[in-house]
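Q: What follows is coords-v2.cif, mmCIF, C-alpha atoms and all ligand atoms.
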data_structure
#
loop_
_atom_site.group_PDB
_atom_site.id
_atom_site.type_symbol
_atom_site.label_atom_id
_atom_site.label_comp_id
_atom_site.auth_asym_id
_atom_site.auth_seq_id
_atom_site.Cartn_x
_atom_site.Cartn_y
_atom_site.Cartn_z
ATOM 1 C CA MET R 1 0.000 0.000 0.000
ATOM 2 C CA SER R 2 1.428 3.410 -0.893
ATOM 3 C CA LYS R 3 1.963 5.897 1.937
ATOM 4 C CA LEU R 4 -0.115 9.047 2.251
ATOM 5 C CA ILE R 5 1.446 12.310 3.366
ATOM 6 C CA ILE R 6 -1.314 14.862 3.815
ATOM 7 C CA GLY R 7 -0.850 18.550 4.591
ATOM 8 C CA ASN R 8 -3.811 20.198 6.319
ATOM 9 C CA TRP R 9 -3.253 23.946 5.961
ATOM 10 C CA LYS R 10 -6.405 24.745 7.979
ATOM 11 C CA CYS R 11 -7.282 28.479 7.679
ATOM 12 C CA ASN R 12 -3.784 29.396 6.385
ATOM 13 C CA PRO R 13 -1.985 31.194 4.817
ATOM 14 C CA ALA R 14 -3.727 34.564 4.862
ATOM 15 C CA SER R 15 -2.987 35.508 1.233
ATOM 16 C CA PHE R 16 -3.091 33.785 -2.133
ATOM 17 C CA ASN R 17 0.488 34.927 -2.819
ATOM 18 C CA GLU R 18 1.760 33.100 0.246
ATOM 19 C CA ALA R 19 -0.286 30.022 -0.645
ATOM 20 C CA GLN R 20 1.247 29.961 -4.127
ATOM 21 C CA ARG R 21 4.741 30.401 -2.726
ATOM 22 C CA LEU R 22 4.338 27.605 -0.165
ATOM 23 C CA PHE R 23 2.814 25.300 -2.766
ATOM 24 C CA GLY R 24 5.704 26.070 -5.142
ATOM 25 C CA VAL R 25 8.300 25.152 -2.502
ATOM 26 C CA ILE R 26 6.531 21.857 -1.745
ATOM 27 C CA LYS R 27 6.079 20.988 -5.428
ATOM 28 C CA LYS R 28 9.753 21.560 -6.094
ATOM 29 C CA GLY R 29 10.760 19.200 -3.294
ATOM 30 C CA ILE R 30 8.501 16.323 -4.341
ATOM 31 C CA ASN R 31 9.804 13.687 -6.730
ATOM 32 C CA LYS R 32 7.460 11.318 -8.456
ATOM 33 C CA ASP R 33 7.536 8.432 -5.998
ATOM 34 C CA GLU R 34 5.066 5.642 -6.679
ATOM 35 C CA ASN R 35 5.157 4.675 -3.006
ATOM 36 C CA VAL R 36 4.141 8.009 -1.560
ATOM 37 C CA GLU R 37 1.124 10.140 -2.414
ATOM 38 C CA VAL R 38 1.297 13.780 -1.339
ATOM 39 C CA VAL R 39 -2.032 15.496 -0.707
ATOM 40 C CA ILE R 40 -2.351 19.193 0.115
ATOM 41 C CA CYS R 41 -5.588 20.461 1.639
ATOM 42 C CA PRO R 42 -5.639 24.267 1.401
ATOM 43 C CA PRO R 43 -8.578 26.591 2.125
ATOM 44 C CA PHE R 44 -11.370 26.226 -0.480
ATOM 45 C CA ILE R 45 -10.603 29.499 -2.256
ATOM 46 C CA TYR R 46 -7.082 28.403 -3.247
ATOM 47 C CA LEU R 47 -8.100 24.937 -4.483
ATOM 48 C CA SER R 48 -8.776 25.641 -8.161
ATOM 49 C CA SER R 49 -5.568 27.574 -8.799
ATOM 50 C CA LEU R 50 -3.406 25.087 -6.913
ATOM 51 C CA ILE R 51 -4.955 22.159 -8.801
ATOM 52 C CA THR R 52 -3.919 23.877 -12.042
ATOM 53 C CA ALA R 53 -0.436 24.544 -10.642
ATOM 54 C CA SER R 54 0.007 20.982 -9.350
ATOM 55 C CA GLN R 55 0.558 19.431 -12.802
ATOM 56 C CA ASN R 56 -0.521 16.097 -11.321
ATOM 57 C CA LYS R 57 2.519 16.015 -9.032
ATOM 58 C CA ILE R 58 0.544 16.813 -5.905
ATOM 59 C CA VAL R 59 -3.022 15.743 -5.252
ATOM 60 C CA LEU R 60 -5.419 18.316 -3.807
ATOM 61 C CA GLY R 61 -8.021 17.825 -1.094
ATOM 62 C CA ALA R 62 -10.635 19.995 0.636
ATOM 63 C CA GLN R 63 -10.975 20.419 4.402
ATOM 64 C CA ASN R 64 -14.746 19.979 4.573
ATOM 65 C CA CYS R 65 -17.866 19.840 2.385
ATOM 66 C CA PHE R 66 -21.656 19.673 2.613
ATOM 67 C CA TRP R 67 -23.750 16.493 2.295
ATOM 68 C CA GLU R 68 -26.112 17.778 -0.408
ATOM 69 C CA GLN R 69 -24.856 18.099 -3.974
ATOM 70 C CA LYS R 70 -26.559 21.410 -4.837
ATOM 71 C CA GLY R 71 -29.388 23.700 -3.832
ATOM 72 C CA ALA R 72 -30.309 26.539 -1.498
ATOM 73 C CA PHE R 73 -27.600 26.040 1.148
ATOM 74 C CA THR R 74 -25.894 29.424 1.458
ATOM 75 C CA GLY R 75 -22.194 29.221 2.130
ATOM 76 C CA GLU R 76 -21.815 25.483 1.540
ATOM 77 C CA ILE R 77 -19.614 23.639 -0.976
ATOM 78 C CA SER R 78 -20.713 20.261 -2.313
ATOM 79 C CA PRO R 79 -18.747 17.091 -3.113
ATOM 80 C CA ASP R 80 -19.852 17.278 -6.759
ATOM 81 C CA GLU R 81 -18.490 20.832 -6.996
ATOM 82 C CA LEU R 82 -15.178 19.696 -5.519
ATOM 83 C CA LYS R 83 -15.004 16.729 -7.876
ATOM 84 C CA ASP R 84 -15.690 18.997 -10.832
ATOM 85 C CA ILE R 85 -12.639 21.202 -10.177
ATOM 86 C CA GLY R 86 -10.332 18.177 -9.840
ATOM 87 C CA CYS R 87 -10.196 17.760 -6.095
ATOM 88 C CA GLN R 88 -9.618 14.122 -5.018
ATOM 89 C CA TYR R 89 -9.874 13.990 -1.230
ATOM 90 C CA VAL R 90 -11.983 15.655 1.478
ATOM 91 C CA ILE R 91 -11.004 15.834 5.157
ATOM 92 C CA ILE R 92 -14.130 15.178 7.160
ATOM 93 C CA GLY R 93 -14.969 15.184 10.860
ATOM 94 C CA HIS R 94 -11.831 17.039 11.919
ATOM 95 C CA SER R 95 -11.889 17.672 15.678
ATOM 96 C CA GLU R 96 -11.893 21.446 15.054
ATOM 97 C CA ARG R 97 -15.109 21.092 13.019
ATOM 98 C CA ARG R 98 -16.629 18.830 15.663
ATOM 99 C CA LYS R 99 -15.690 21.369 18.359
ATOM 100 C CA TYR R 100 -16.219 24.819 16.799
ATOM 101 C CA PHE R 101 -18.995 23.987 14.319
ATOM 102 C CA GLN R 102 -20.851 21.368 16.357
ATOM 103 C CA GLU R 103 -20.528 18.677 13.697
ATOM 104 C CA THR R 104 -22.120 15.503 14.997
ATOM 105 C CA ASP R 105 -21.372 11.877 14.079
ATOM 106 C CA GLU R 106 -24.652 11.828 12.136
ATOM 107 C CA MET R 107 -23.651 14.875 10.055
ATOM 108 C CA ILE R 108 -20.221 13.381 9.424
ATOM 109 C CA ASN R 109 -21.825 10.114 8.320
ATOM 110 C CA LYS R 110 -23.982 11.969 5.759
ATOM 111 C CA LYS R 111 -20.903 13.785 4.489
ATOM 112 C CA VAL R 112 -18.860 10.559 4.184
ATOM 113 C CA LYS R 113 -21.612 8.996 2.056
ATOM 114 C CA ALA R 114 -21.999 12.105 -0.121
ATOM 115 C CA ILE R 115 -18.220 12.265 -0.686
ATOM 116 C CA LEU R 116 -18.111 8.608 -1.754
ATOM 117 C CA LYS R 117 -21.104 9.150 -4.047
ATOM 118 C CA SER R 118 -19.137 11.871 -5.850
ATOM 119 C CA ARG R 119 -16.198 9.466 -6.270
ATOM 120 C CA LEU R 120 -13.982 11.439 -3.914
ATOM 121 C CA LYS R 121 -12.032 9.925 -1.017
ATOM 122 C CA PRO R 122 -12.949 10.917 2.543
ATOM 123 C CA ILE R 123 -10.164 11.427 5.075
ATOM 124 C CA LEU R 124 -12.237 10.665 8.144
ATOM 125 C CA CYS R 125 -10.710 12.145 11.301
ATOM 126 C CA LEU R 126 -11.465 10.670 14.674
ATOM 127 C CA GLY R 127 -9.875 10.559 18.084
ATOM 128 C CA GLU R 128 -10.428 10.894 21.811
ATOM 129 C CA GLU R 129 -10.220 14.182 23.689
ATOM 130 C CA THR R 130 -8.025 13.172 26.612
ATOM 131 C CA ARG R 131 -5.351 10.573 27.162
ATOM 132 C CA ASP R 132 -6.556 7.258 28.551
ATOM 133 C CA THR R 133 -6.942 7.460 32.327
ATOM 134 C CA PHE R 134 -7.058 4.909 35.136
ATOM 135 C CA ASN R 135 -9.540 4.379 37.959
ATOM 136 C CA SER R 136 -8.560 4.423 41.639
ATOM 137 C CA GLU R 137 -7.642 0.717 41.421
ATOM 138 C CA GLY R 138 -5.242 1.475 38.591
ATOM 139 C CA GLN R 139 -7.393 -0.164 35.906
ATOM 140 C CA PRO R 140 -7.470 1.552 32.505
ATOM 141 C CA LEU R 141 -10.761 3.261 31.622
ATOM 142 C CA ASN R 142 -10.127 2.715 27.896
ATOM 143 C CA GLU R 143 -11.509 6.045 26.667
ATOM 144 C CA MET R 144 -9.625 5.684 23.395
ATOM 145 C CA SER R 145 -11.282 2.446 22.359
ATOM 146 C CA LEU R 146 -14.746 3.457 23.619
ATOM 147 C CA ILE R 147 -14.757 6.755 21.752
ATOM 148 C CA ILE R 148 -13.077 5.533 18.594
ATOM 149 C CA GLY R 149 -15.252 2.433 18.395
ATOM 150 C CA GLU R 150 -18.391 4.623 18.520
ATOM 151 C CA GLN R 151 -17.015 7.074 15.954
ATOM 152 C CA VAL R 152 -16.054 4.347 13.468
ATOM 153 C CA LYS R 153 -19.487 2.714 13.757
ATOM 154 C CA LYS R 154 -21.503 5.940 13.564
ATOM 155 C CA ASN R 155 -19.400 7.723 10.940
ATOM 156 C CA LEU R 156 -19.364 4.721 8.584
ATOM 157 C CA ALA R 157 -22.978 3.577 9.113
ATOM 158 C CA GLY R 158 -24.444 2.438 5.802
ATOM 159 C CA VAL R 159 -21.142 2.580 3.901
ATOM 160 C CA PRO R 160 -20.923 -0.596 1.792
ATOM 161 C CA ALA R 161 -17.894 -2.885 2.162
ATOM 162 C CA ALA R 162 -16.865 -2.276 -1.451
ATOM 163 C CA ARG R 163 -16.215 1.422 -0.669
ATOM 164 C CA ILE R 164 -13.958 0.910 2.364
ATOM 165 C CA ARG R 165 -10.939 0.783 0.056
ATOM 166 C CA ASP R 166 -11.625 4.469 -0.788
ATOM 167 C CA ILE R 167 -11.624 5.589 2.829
ATOM 168 C CA VAL R 168 -8.725 7.022 4.793
ATOM 169 C CA ILE R 169 -9.143 6.998 8.554
ATOM 170 C CA ALA R 170 -6.983 9.529 10.365
ATOM 171 C CA TYR R 171 -6.437 8.733 14.022
ATOM 172 C CA GLU R 172 -5.995 12.166 15.585
ATOM 173 C CA PRO R 173 -5.975 12.121 19.393
ATOM 174 C CA ILE R 174 -7.234 15.623 20.217
ATOM 175 C CA TRP R 175 -4.769 15.962 23.090
ATOM 176 C CA ALA R 176 -1.925 15.616 20.569
ATOM 177 C CA ILE R 177 -3.110 18.172 17.994
ATOM 178 C CA GLY R 178 -1.277 21.456 17.631
ATOM 179 C CA LEU R 179 0.363 21.422 21.047
ATOM 180 C CA GLY R 180 3.616 19.711 20.196
ATOM 181 C CA HIS R 181 2.723 16.746 22.456
ATOM 182 C CA PRO R 182 2.608 13.909 19.915
ATOM 183 C CA CYS R 183 1.286 10.533 20.900
ATOM 184 C CA SER R 184 3.779 7.670 21.253
ATOM 185 C CA SER R 185 4.239 5.174 18.435
ATOM 186 C CA ASP R 186 2.880 2.468 20.763
ATOM 187 C CA ASP R 187 -0.320 4.400 21.420
ATOM 188 C CA ALA R 188 -0.741 5.198 17.710
ATOM 189 C CA MET R 189 -0.288 1.535 16.841
ATOM 190 C CA LYS R 190 -2.741 0.469 19.531
ATOM 191 C CA ALA R 191 -5.361 2.842 18.106
ATOM 192 C CA SER R 192 -4.715 1.729 14.551
ATOM 193 C CA LEU R 193 -5.064 -1.961 15.483
ATOM 194 C CA PHE R 194 -8.250 -1.135 17.334
ATOM 195 C CA ILE R 195 -9.697 0.705 14.313
ATOM 196 C CA ARG R 196 -8.812 -2.239 12.063
ATOM 197 C CA LYS R 197 -10.446 -4.639 14.564
ATOM 198 C CA THR R 198 -13.631 -2.529 14.619
ATOM 199 C CA LEU R 199 -13.717 -2.528 10.809
ATOM 200 C CA THR R 200 -13.308 -6.320 10.851
ATOM 201 C CA GLN R 201 -16.288 -6.613 13.190
ATOM 202 C CA LEU R 202 -18.381 -4.292 11.011
ATOM 203 C CA TYR R 203 -17.322 -5.854 7.705
ATOM 204 C CA ASP R 204 -14.749 -8.633 7.428
ATOM 205 C CA ARG R 205 -10.997 -9.001 7.630
ATOM 206 C CA SER R 206 -10.134 -8.501 3.986
ATOM 207 C CA THR R 207 -12.348 -5.383 3.797
ATOM 208 C CA ALA R 208 -10.754 -3.987 6.966
ATOM 209 C CA GLU R 209 -7.282 -4.463 5.510
ATOM 210 C CA LYS R 210 -8.149 -2.257 2.539
ATOM 211 C CA ALA R 211 -8.765 0.907 4.590
ATOM 212 C CA LYS R 212 -5.834 3.273 4.987
ATOM 213 C CA ILE R 213 -5.215 4.239 8.604
ATOM 214 C CA ILE R 214 -2.984 7.239 9.186
ATOM 215 C CA TYR R 215 -1.850 9.271 12.219
ATOM 216 C CA GLY R 216 -2.233 13.007 12.855
ATOM 217 C CA GLY R 217 -1.253 15.246 15.772
ATOM 218 C CA SER R 218 2.002 17.233 16.101
ATOM 219 C CA VAL R 219 3.730 15.285 13.304
ATOM 220 C CA ASN R 220 7.120 16.679 12.248
ATOM 221 C CA SER R 221 10.346 15.479 10.637
ATOM 222 C CA GLN R 222 11.668 14.327 14.038
ATOM 223 C CA ASN R 223 8.816 11.954 14.808
ATOM 224 C CA VAL R 224 7.384 10.900 11.422
ATOM 225 C CA ASN R 225 9.405 7.680 11.476
ATOM 226 C CA ASP R 226 7.753 6.693 14.756
ATOM 227 C CA TYR R 227 4.415 6.506 12.961
ATOM 228 C CA ILE R 228 5.391 5.297 9.496
ATOM 229 C CA LYS R 229 8.020 2.733 10.495
ATOM 230 C CA GLU R 230 7.421 1.837 14.130
ATOM 231 C CA ALA R 231 3.630 2.100 14.335
ATOM 232 C CA GLN R 232 3.260 0.947 10.708
ATOM 233 C CA MET R 233 0.656 3.563 9.899
ATOM 234 C CA ASP R 234 -0.288 4.076 6.238
ATOM 235 C CA GLY R 235 0.695 7.732 6.388
ATOM 236 C CA VAL R 236 0.422 10.969 8.336
ATOM 237 C CA LEU R 237 -1.840 14.010 8.460
ATOM 238 C CA VAL R 238 0.314 17.050 9.101
ATOM 239 C CA GLY R 239 -1.092 20.352 10.358
ATOM 240 C CA GLY R 240 1.318 23.019 11.639
ATOM 241 C CA ALA R 241 4.446 21.506 10.041
ATOM 242 C CA SER R 242 2.809 21.517 6.585
ATOM 243 C CA LEU R 243 2.953 25.331 6.593
ATOM 244 C CA ASN R 244 6.739 25.167 6.563
ATOM 245 C CA GLY R 245 7.754 24.055 3.051
ATOM 246 C CA SER R 246 11.186 22.660 3.901
ATOM 247 C CA GLU R 247 9.913 20.839 6.997
ATOM 248 C CA PHE R 248 7.063 19.274 5.002
ATOM 249 C CA ILE R 249 9.517 18.125 2.327
ATOM 250 C CA LYS R 250 11.691 16.539 5.025
ATOM 251 C CA ILE R 251 8.635 14.638 6.268
ATOM 252 C CA TYR R 252 8.003 13.482 2.706
ATOM 253 C CA GLU R 253 11.628 12.440 2.163
ATOM 254 C CA ILE R 254 11.786 10.464 5.400
ATOM 255 C CA SER R 255 8.479 8.729 4.602
ATOM 256 C CA SER R 256 9.586 7.732 1.144
ATOM 257 C CA GLY R 257 12.844 6.407 2.558
ATOM 258 C CA LEU R 258 14.982 8.856 0.549
HETATM 259 P P1 LIG D 301 -0.969 19.480 13.970
HETATM 260 O O1 LIG D 301 -2.441 19.347 13.338
HETATM 261 O O2 LIG D 301 -0.037 18.699 13.088
HETATM 262 O O3 LIG D 301 -0.684 20.950 13.961
HETATM 263 O O4 LIG D 301 -1.042 18.906 15.346
HETATM 264 C C1 LIG D 301 -2.911 18.124 12.850
HETATM 265 C C2 LIG D 301 -4.348 18.259 12.461
HETATM 266 O O5 LIG D 301 -5.093 18.982 13.135
HETATM 267 O O6 LIG D 301 -4.786 17.675 11.439
#
Output the structure of this file as structure tokens.
Ligand code: PGA

A:
Amino acid sequence: MSKLIIGNWKCNPASFNEAQRLFGVIKKGINKDENVEVVICPPFIYLSSLITASQNKIVLGAQNCFWEQKGAFTGEISPDELKDIGCQYVIIGHSERRKYFQETDEMINKKVKAILKSRLKPILCLGEETRDTFNSEGQPLNEMSLIIGEQVKKNLAGVPAARIRDIVIAYEPIWAIGLGHPCSSDDAMKASLFIRKTLTQLYDRSTAEKAKIIYGGSVNSQNVNDYIKEAQMDGVLVGGASLNGSEFIKIYEISSGL
């Protein structure tokens, strides 16, 4: 399975000029490597121009979308519209959207299905808010597996087995996002095995093996190997470090074993 290196620019940079410059630096540093797919997810308004500039070297993704394909939904962008401009992926259910825009598991589920219907690939983000804790007897309370298990089931409800191969699941423990406190490779691996096990229960083993499971949360060039090599994740979702062109290229080079 090829590795996925995804840059989530969030609401950055503040000008189109800067976006073009950053994209140019990243494009220059990427070689055509069959084993690594680089996906950049900029704000919506930069998508079209960057798709044109990418010359098929970098794949573009959106950071959100609506679940209806068209109609009277002021301010929304649909999966069909994204597909039409050449976008290939859509990040969905990011913890910031769940937190600041009150996106529920039911809304995320509708979006996942709409994205698949438009022949785009969802990058479904999920993760627990706090690190696993222990009760007074020292027994683990297993928040990670309880929360993730629910999210996988609810967010993928009604998705047929044949479409699981088009889904990327990004394990993003909220406590590790943006703060520079990445999760250990052991914890990332534990979560990834748990997600795969849940998919096996929902579908079957061979279907579960087709999903890509990646890690996100304070990824940088110092720790990317922990996730790609040690935790055997299928890739990484990079936030803050993707806004630094040379750092993002380092992450790419390390992942592709250059
Ligand atoms: P971070 O963000 O790399 O800045 O922690 C990751 C994300 O939110 O997708």

Q: Provide an axis-aligned box for all listed atoms of ligand LIG 301 (chain D), padding each side by 8 Å; report its centre and its edge lengths in Å to one decimal, as lines of an AutoDock Vina configuration file.

A:
center_x = -2.6
center_y = 19.3
center_z = 13.4
size_x = 21.1
size_y = 19.3
size_z = 19.9

Q: How would you report the residues lying within 10 Å of ligand LIG 301 (chain D), as number ranges by chain, if you count all atoms listed in the file?

A: R: 6-10, 63, 91, 94-96, 125, 170-182, 215-220, 236-243

Q: Starting from the displayed file, determine the output of the PyMOL selection byres (((chain R and resi 23) around 10) and not hetatm) and express the residue list as number ranges by chain.

A: R: 17-22, 24-28, 40, 42, 50, 53-54, 58, 243, 245

Q: Which residues are near Tyr89 in chain R? Cut-off 7 Å, all atoms listed in the file, ignore same chain within fewer than 4 positions. Put them as a VMD selection string.

A: chain R and resid 60 to 62 120 to 123

Q: Using all atoms listed in the file, can you tell me which of R:Phe101, R:Leu4, R:Leu116, R:Arg163 comes closest to Met233 in chain R?

A: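 Closest candidate: R:Leu4.
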
Q: Closest to Arg98 in chain R among R:Asp80, R:Glu230, R:Glu129, R:Glu143, using only C-alpha atoms?

A: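 When distances to Arg98 in chain R are compared using only C-alpha atoms, the smallest one comes from R:Glu129.
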
Q: Against range 202-205 of chain R, which residues of range 108-153 of chain R fall within 12 Å? For each one I want the closest pair of atoms and the distance in Å (one decimal), counting all atoms listed in the file, rows by chain and increasing residue number, as JSON lines.

A:
{"residue": "R:Gly149", "atom": "CA", "partner": "R:Leu202", "partner_atom": "CA", "distance": 10.5}
{"residue": "R:Glu150", "atom": "CA", "partner": "R:Leu202", "partner_atom": "CA", "distance": 11.7}
{"residue": "R:Val152", "atom": "CA", "partner": "R:Leu202", "partner_atom": "CA", "distance": 9.3}
{"residue": "R:Lys153", "atom": "CA", "partner": "R:Leu202", "partner_atom": "CA", "distance": 7.6}

Q: Please indicate the distance in Å from CA of Ile169 in chain R to CA of Phe73 in chain R, rounded to one decimal place.

A: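 Between CA of Ile169 in chain R and CA of Phe73 in chain R the gap works out to 27.5 Å.
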
Q: Could you list, as a ChimeraX atom specification, every residue within 12 Å of Asn109 in chain R, counting all atoms listed in the file and ignoring same-chain residues fewer than 5 positions away?

A: /R:66-67,92-93,103-104,114-116,122,124-125,151-159

Q: Pick out the closest residue to Tyr227 in chain R from this set: R:Thr200, R:Ser185, R:Ser246, R:Ser255. Count only C-alpha atoms.

A: R:Ser185

Q: Grab the CA of Asp226 in chain R to CA of Gly29 in chain R distance for me, in Å with one decimal place.

A: 22.2 Å

Q: Take range 38-47 of chain R, model all heavy atoms, and hand the result over as an mmCIF file, in the coordinates of the input.

A:
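Once everything was written out, this is result26.cif:
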data_model
loop_
_atom_site.group_PDB
_atom_site.id
_atom_site.type_symbol
_atom_site.label_atom_id
_atom_site.label_comp_id
_atom_site.auth_asym_id
_atom_site.auth_seq_id
_atom_site.Cartn_x
_atom_site.Cartn_y
_atom_site.Cartn_z
ATOM 1 N N VAL R 38 1.333 12.533 -2.106
ATOM 2 C CA VAL R 38 1.297 13.780 -1.339
ATOM 3 C C VAL R 38 -0.017 14.503 -1.633
ATOM 4 O O VAL R 38 -0.364 14.742 -2.785
ATOM 5 C CB VAL R 38 2.498 14.687 -1.690
ATOM 6 C CG1 VAL R 38 2.402 16.014 -0.943
ATOM 7 C CG2 VAL R 38 3.805 13.988 -1.354
ATOM 8 N N VAL R 39 -0.738 14.814 -0.564
ATOM 9 C CA VAL R 39 -2.032 15.496 -0.707
ATOM 10 C C VAL R 39 -1.962 16.805 0.073
ATOM 11 O O VAL R 39 -1.586 16.808 1.245
ATOM 12 C CB VAL R 39 -3.186 14.637 -0.128
ATOM 13 C CG1 VAL R 39 -4.538 15.310 -0.350
ATOM 14 C CG2 VAL R 39 -3.189 13.230 -0.714
ATOM 15 N N ILE R 40 -2.289 17.904 -0.585
ATOM 16 C CA ILE R 40 -2.351 19.193 0.115
ATOM 17 C C ILE R 40 -3.811 19.629 0.195
ATOM 18 O O ILE R 40 -4.530 19.620 -0.804
ATOM 19 C CB ILE R 40 -1.508 20.273 -0.616
ATOM 20 C CG1 ILE R 40 -0.016 19.907 -0.603
ATOM 21 C CG2 ILE R 40 -1.730 21.658 0.002
ATOM 22 C CD1 ILE R 40 0.661 19.969 0.752
ATOM 23 N N CYS R 41 -4.208 20.002 1.415
ATOM 24 C CA CYS R 41 -5.588 20.461 1.639
ATOM 25 C C CYS R 41 -5.555 21.934 2.062
ATOM 26 O O CYS R 41 -5.432 22.245 3.257
ATOM 27 C CB CYS R 41 -6.255 19.614 2.723
ATOM 28 S SG CYS R 41 -6.283 17.850 2.320
ATOM 29 N N PRO R 42 -5.665 22.833 1.089
ATOM 30 C CA PRO R 42 -5.639 24.267 1.401
ATOM 31 C C PRO R 42 -7.060 24.768 1.659
ATOM 32 O O PRO R 42 -8.018 24.009 1.484
ATOM 33 C CB PRO R 42 -5.097 24.872 0.101
ATOM 34 C CG PRO R 42 -5.635 23.960 -0.962
ATOM 35 C CD PRO R 42 -5.788 22.592 -0.349
ATOM 36 N N PRO R 43 -7.221 26.038 2.039
ATOM 37 C CA PRO R 43 -8.578 26.591 2.125
ATOM 38 C C PRO R 43 -9.269 26.482 0.754
ATOM 39 O O PRO R 43 -8.603 26.505 -0.281
ATOM 40 C CB PRO R 43 -8.322 28.061 2.497
ATOM 41 C CG PRO R 43 -6.997 28.044 3.192
ATOM 42 C CD PRO R 43 -6.195 26.990 2.503
ATOM 43 N N PHE R 44 -10.598 26.397 0.759
ATOM 44 C CA PHE R 44 -11.370 26.226 -0.480
ATOM 45 C C PHE R 44 -10.955 27.195 -1.589
ATOM 46 O O PHE R 44 -10.815 26.803 -2.733
ATOM 47 C CB PHE R 44 -12.866 26.494 -0.214
ATOM 48 C CG PHE R 44 -13.587 25.370 0.469
ATOM 49 C CD1 PHE R 44 -14.322 25.609 1.629
ATOM 50 C CD2 PHE R 44 -13.586 24.090 -0.056
ATOM 51 C CE1 PHE R 44 -15.022 24.588 2.264
ATOM 52 C CE2 PHE R 44 -14.293 23.060 0.562
ATOM 53 C CZ PHE R 44 -15.009 23.316 1.729
ATOM 54 N N ILE R 45 -10.793 28.479 -1.216
ATOM 55 C CA ILE R 45 -10.603 29.499 -2.256
ATOM 56 C C ILE R 45 -9.300 29.343 -3.040
ATOM 57 O O ILE R 45 -9.172 29.905 -4.115
ATOM 58 C CB ILE R 45 -10.676 30.953 -1.717
ATOM 59 C CG1 ILE R 45 -9.920 31.071 -0.415
ATOM 60 C CG2 ILE R 45 -12.112 31.415 -1.586
ATOM 61 C CD1 ILE R 45 -9.627 32.515 -0.065
ATOM 62 N N TYR R 46 -8.342 28.592 -2.514
ATOM 63 C CA TYR R 46 -7.082 28.403 -3.247
ATOM 64 C C TYR R 46 -7.093 27.115 -4.080
ATOM 65 O O TYR R 46 -6.171 26.865 -4.860
ATOM 66 C CB TYR R 46 -5.882 28.339 -2.290
ATOM 67 C CG TYR R 46 -5.753 29.500 -1.326
ATOM 68 C CD1 TYR R 46 -5.250 29.301 -0.045
ATOM 69 C CD2 TYR R 46 -6.111 30.792 -1.700
ATOM 70 C CE1 TYR R 46 -5.113 30.359 0.848
ATOM 71 C CE2 TYR R 46 -5.976 31.855 -0.802
ATOM 72 C CZ TYR R 46 -5.485 31.630 0.467
ATOM 73 O OH TYR R 46 -5.345 32.662 1.348
ATOM 74 N N LEU R 47 -8.114 26.280 -3.874
ATOM 75 C CA LEU R 47 -8.100 24.937 -4.483
ATOM 76 C C LEU R 47 -7.922 24.941 -6.008
ATOM 77 O O LEU R 47 -7.015 24.303 -6.533
ATOM 78 C CB LEU R 47 -9.386 24.182 -4.133
ATOM 79 C CG LEU R 47 -9.357 23.270 -2.901
ATOM 80 C CD1 LEU R 47 -10.751 22.769 -2.583
ATOM 81 C CD2 LEU R 47 -8.399 22.106 -3.094
#
